[in-house]
Each structure stands twice: as C-alpha cells, then as structure tokens.
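So the structure is just underneath, and the comments pick up after that.
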Amino acid sequence: MSSLTTPGSRTIDELLAAPQVQAAFQFFETNAEAINNEHIAISSIPAPPFQEHERADYLCRRFQQLGLENALVDEEGNCVALRRGRSLDPLVVVSAHLDTVFPEGTNVTVRQQEGKLLSPGIADDACGLAALIALTQSLQAAGIETNGSLLFVATVGEEGEGNLRGVRHLFCEGPWINQLSSFVSFDGPGVDRIINRALGSKRYRVTLRGPGGHSWSDFGIANPVHALGRAISRLVSYPAPSEPRTTFNVGRIEGGASINVIPGEALMDVDLRSTSERELLRLDAFFRRAMREATEDENATRRQGNPPLDLSLQLLGDRPTGETLPGSAIVEIALEATRLLGVTPLLDQASTDSNLPISLGIPAITLGAGGTSGNSHTLDEWYDPIDRARGLQRGLLVVLGLVGLSASQ
Ligand SMILES: [Zn+2]
C-alpha cells in the first residue's frame, strides 16, 4: 500500500482501481490498431527543424475534434490544448515534441514489416505525439473528470539546433507562465525509464579569422588553422571527470582553401556536456580560456606588422542541467505507477524538453510512450508497438496521479 496521495487524496493504487481508470486502460487495449493508424498519420507529416507547422496544425485539429478547449498553435509554433478539470490548479503539462532531426525532403512514408513501423522519426517522437492523442481519447472515452487540469502541448525545437525553443517559450514567455505546476513529456518508447535528471550541454561555433596569404612569401602571418590546432590540443588536455560524467567533442572542423595558402578563416563546432551544472560551468570556463590562449599563442608567433587573428565564440546551444529529486512527488508517483504495472522502474538521465522546466525548479520528468524502437535518428528508424498499451497505461496513471480524479468519481 502506498502513503502517496494525489490531489483529491486518493493513493495511486486507489486511482488504479477506480472503474473509470480501468475503462481508460481498456481503451488502449481495444483500440491498439486505431492508435497505430494515428501514429502512422502523425509520422507521415514531415516535421524538419523549424518547419513543424504542418504537424502542429494536424495535432491541433485532432485535439479540437476530441473536444479539448482552446486548441491552437502558439506564436512559437507549439500546439497547445487544454483539458479543463474542476480547477486550473494544479495545471499539468503533458507533452511530446513535434520536430524530427531529419531535413526537408526526407521520405517519411511509413512502411510496415512484421508488425513494426518503419520511418525516420517514427519513435522520436511520433510515438510520443500518438500517446498525447491516445491519452486524450482514453480520458474522453472513459468520461474521466479530473481535479486539476491538463495542458497538452506538442512542442517545436526539442532536437539539436531547436535548443528547446518551444518549451522555453511555454515556460518563459507564453500565456501560461507561472500557472504550470509540473511537466510530463513522452519521448521515445519504453515502459520502465523515468528521466528525472537533465543532461546539460553547451554548444559553440569557434571561428578564427586573419588576413590569409601565400604559404611561402607570407609566412609569418597568423594562421587560423594552426590556431585551431593549438585550441583543440588545449581542449583535449582537459581532465574530464567520469563522475559526474562530463564530456567534450570537437564534432566538425572547416577552413582553408589550398595546400599553399595561409587560410583566411577556420572554424570548429564543439559540444560540451555534463550531468552536473558545476562541472559544465567549469568545463565551459576552461574551454573559453583555452580558445583565448590558443589564439594568443598563434598571434605571438606572427611576424611584426601583421594583424592578429580575430576569435569569435558563438553559442549555438545552451541546455541547462538539473534534477527533479527522487523524493519529489512527481518522481514518487512515476515510480509507484511503474511498479503497479508490474515493471521495475529505472531512474535515468537524458537531454529532453524536461531540461527547461527542471532548470526553473518546476517538477518535470520524461517517460517512454510504450513499445520498443531502434536506429533512432537514422533513416532506418523503427518502432514496434508491442505492449504499447502498458506504456500508455503508465503514462495515464502518472498524469492522473498529478491532477487527481475529481471527488465525485
Ligand atoms: Zn526525442
């Protein structure tokens, strides 16, 4: 038995036993095929970074058809829809992300093979979006009335270059700021993981510029590629701790025109990550100093009368680190809901939309939407809906644990 109570003072196992909740659970089993078809429909709409509007419009229409209030696409491009309970407090965000990592023109036609669905983005995160629709349908079909309210949000900009712009807008600028009590996102498949720790990252483009010249006759002009070499050499000397896990990566370099030309420009893209904000800041400070000192070293070797190299650091991405504590109500509810469904829960860490609310101190977790998948972020991405119902049941139980069933039910 649990001591945890939900708004409306029921325990999670009492919630689970409620007839309406059982009816909603049954909905997922009975409608497995319809849920697959919805999933296919969503995944077949391209949603490249910064071009999520068509998919957002589709979800908006679906939420309207299902009877949610105020379904609209907000000024950032998120699809937002309210399922009002008896009160607007607590107001729990139930979310998944619209964008995929795939560029415009990628073939997103869904193929079916031996029960699996194959298409780029089918799992990350079309299955989360399908979960939002399925959760809404189950709540409506079972006539569930909640204490608090649910704000369904399909976000833009979760992947790389999007830099969490959708969820940032929701929590920092949009009309709902200061009203949002907690955040649950569905990202990818699975039934056991509960992501309560946010993996932080900082991403930079480092650009070095100089006058350039002839390799022989102008020797002594500061060389941006040489400076880049010095910079990389300094960076890789960083003693990154394995605990808390901290990593760096020079992922791409570019520069130069020809073997006998001193380049006018060179650049590199660098990714810094840590599970600890303190370590991330420490690595970030080291990185910035290394870039400055490497530039100074190269400038110090140049012949008199030549201009120095110019260094620019452009922040491409900044994802905050943080944690929703294991003892917090949202994590406890998720742990308990997972166990009640016969699954051993696993607390985990990742970089997801939850990073943003976590950094603001708002309780947030990311859950799998059921099923399994593979080859994520590749053209061979697949999703297997086997046991999807259990993931949706867990999701529903967590969400109801946060808003509570209305006392009259
Ligand atoms: Zn994702």
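Going through the structure tokens in order, the chains are called A, B, and so on, while each chain numbers its residues from 1 and the ligands are numbered from 1 in the order shown.
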
Around ligand 1, at most 7 Å away and counting only C-alpha atoms and all ligand atoms, which residues are there? Put them as a PDB file with N, CA and C atoms, in the first residue's frame, please.
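For reference, result.pdb as written:
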ATOM      1  N   HIS A  97       7.388  16.040 -28.456  1.00  0.00           N
ATOM      2  CA  HIS A  97       7.922  17.040 -29.389  1.00  0.00           C
ATOM      3  C   HIS A  97       7.586  16.756 -30.849  1.00  0.00           C
ATOM      4  N   ASP A 124      10.983   8.773 -32.416  1.00  0.00           N
ATOM      5  CA  ASP A 124      11.450  10.038 -31.814  1.00  0.00           C
ATOM      6  C   ASP A 124      10.961  11.197 -32.663  1.00  0.00           C
ATOM      7  N   ASP A 125       9.796  11.737 -32.430  1.00  0.00           N
ATOM      8  CA  ASP A 125       8.977  11.416 -31.284  1.00  0.00           C
ATOM      9  C   ASP A 125       7.521  11.249 -31.711  1.00  0.00           C
ATOM     10  N   GLU A 158      12.748  20.676 -30.049  1.00  0.00           N
ATOM     11  CA  GLU A 158      13.392  19.881 -28.988  1.00  0.00           C
ATOM     12  C   GLU A 158      14.760  19.391 -29.428  1.00  0.00           C
ATOM     13  N   GLU A 159      14.883  19.055 -30.702  1.00  0.00           N
ATOM     14  CA  GLU A 159      16.148  18.469 -31.182  1.00  0.00           C
ATOM     15  C   GLU A 159      17.216  19.553 -31.338  1.00  0.00           C
ATOM     16  N   ASP A 187       8.750  10.889 -24.690  1.00  0.00           N
ATOM     17  CA  ASP A 187       9.773  10.995 -25.725  1.00  0.00           C
ATOM     18  C   ASP A 187      10.364   9.615 -25.979  1.00  0.00           C
ATOM     19  N   GLY A 188      10.045   9.052 -27.141  1.00  0.00           N
ATOM     20  CA  GLY A 188      10.539   7.716 -27.466  1.00  0.00           C
ATOM     21  C   GLY A 188       9.706   6.634 -26.795  1.00  0.00           C
ATOM     22  N   THR A 352      16.278  16.339 -22.754  1.00  0.00           N
ATOM     23  CA  THR A 352      14.932  16.375 -23.334  1.00  0.00           C
ATOM     24  C   THR A 352      14.299  17.728 -23.011  1.00  0.00           C
TER      25      THR A 352
END

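Surrounding region 379-386 of chain A within 6 Å are Lys116, Leu117, Leu118, Ser119, Pro120, Ala123, Gly371, Thr372, Ser373, Gly374, Asn375 and Ser376 of chain A, with only C-alpha atoms counted and residues fewer than 3 positions along the same chain left out.
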
Excluding Gly162 (chain A) and residues on its chain fewer than 3 positions from it, collect all residues at most 12 Å away from it, counting only C-alpha atoms, and give them as a ChimeraX atom specification.
-> /A:48-52,76-77,97-101,155-159,165-169,316-319,352-353

Point-to-point distance in Å for CA of Asn31 (chain A) and CA of Gly85 (chain A) = 24.7 Å

Residue neighbourhood Arg10 (chain A), 9 Å, only C-alpha atoms, exclusion window fewer than 6 positions, as JSON, numbers by chain | {"A": [4, 401, 404, 405]}

Go ahead and dump the residues you just picked, N, CA, C and O atoms, as an mmCIF file, in the first residue's frame.
data_model
loop_
_atom_site.group_PDB
_atom_site.id
_atom_site.type_symbol
_atom_site.label_atom_id
_atom_site.label_comp_id
_atom_site.auth_asym_id
_atom_site.auth_seq_id
_atom_site.Cartn_x
_atom_site.Cartn_y
_atom_site.Cartn_z
ATOM 1 N N LEU A 4 1.464 7.629 -0.593
ATOM 2 C CA LEU A 4 1.377 8.782 -1.501
ATOM 3 C C LEU A 4 -0.072 9.113 -1.776
ATOM 4 O O LEU A 4 -0.853 8.247 -2.139
ATOM 5 N N GLY A 401 -2.245 10.823 -11.339
ATOM 6 C CA GLY A 401 -1.660 10.983 -10.022
ATOM 7 C C GLY A 401 -1.317 12.441 -9.738
ATOM 8 O O GLY A 401 -1.360 12.881 -8.592
ATOM 9 N N GLY A 404 -5.175 14.310 -10.105
ATOM 10 C CA GLY A 404 -6.196 13.753 -9.229
ATOM 11 C C GLY A 404 -7.522 13.546 -9.944
ATOM 12 O O GLY A 404 -7.882 14.297 -10.860
ATOM 13 N N LEU A 405 -8.226 12.492 -9.550
ATOM 14 C CA LEU A 405 -9.582 12.260 -10.043
ATOM 15 C C LEU A 405 -10.528 13.130 -9.235
ATOM 16 O O LEU A 405 -10.347 13.292 -8.035
#

List the neighbours of Leu272 (chain A) out to 7 Å using only C-alpha atoms; skip same-chain residues closer than 4 positions along the sequence, and give me the result as a count of residues only.
-> 6

Members of region 207-335 of chain A assigned alpha helix (DSSP H) by DSSP, as a VMD selection string = chain A and resid 224 to 235 277 to 300 329 to 335

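Using only C-alpha atoms, the shortest contact distance between Val73 (chain A) and any of A:Gly174, A:Pro244, A:Gly148, A:Pro90 is found at A:Gly174.
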
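Among A:Ser87, A:Asn196, A:Thr338, A:Ser408, the residue with the shortest atom-to-atom distance to Asp13 (chain A), counting only C-alpha atoms, is A:Thr338.
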
Run DSSP on the backbone and give me the residues of region 216-381 of chain A it puts in strand (DSSP E or B), as a VMD selection string.
-> chain A and resid 219 221 246 to 255 261 to 262 265 to 274 310 to 319 322 to 323 346 to 350 364 to 367 372 to 374

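In this structure, CA of Val403 (chain A) sits 6.0 Å away from CA of Pro7 (chain A).
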
Exercise: region 278-290 of chain A partners within 12 Å, only C-alpha atoms, chain neighbours under 5 positions left out, as a PyMOL selection string = chain A and resi 199-206+227-250+270-273+295-297+311-315+318-322

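What separates CA of Glu323 (chain A) from CA of Ser359 (chain A) is a distance of 8.0 Å.
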
Neighbour list for Thr301 (chain A) as an MDAnalysis selection string, cut-off 10 Å, only C-alpha atoms, skip fewer than 4 positions in-chain | chainID A and resid 220:223 296:297 308

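Proximity ranking of A:Pro224, A:Gly305, A:Gly395, A:Gly190 relative to Leu346 (chain A) places A:Gly190 first, based on only C-alpha atoms.
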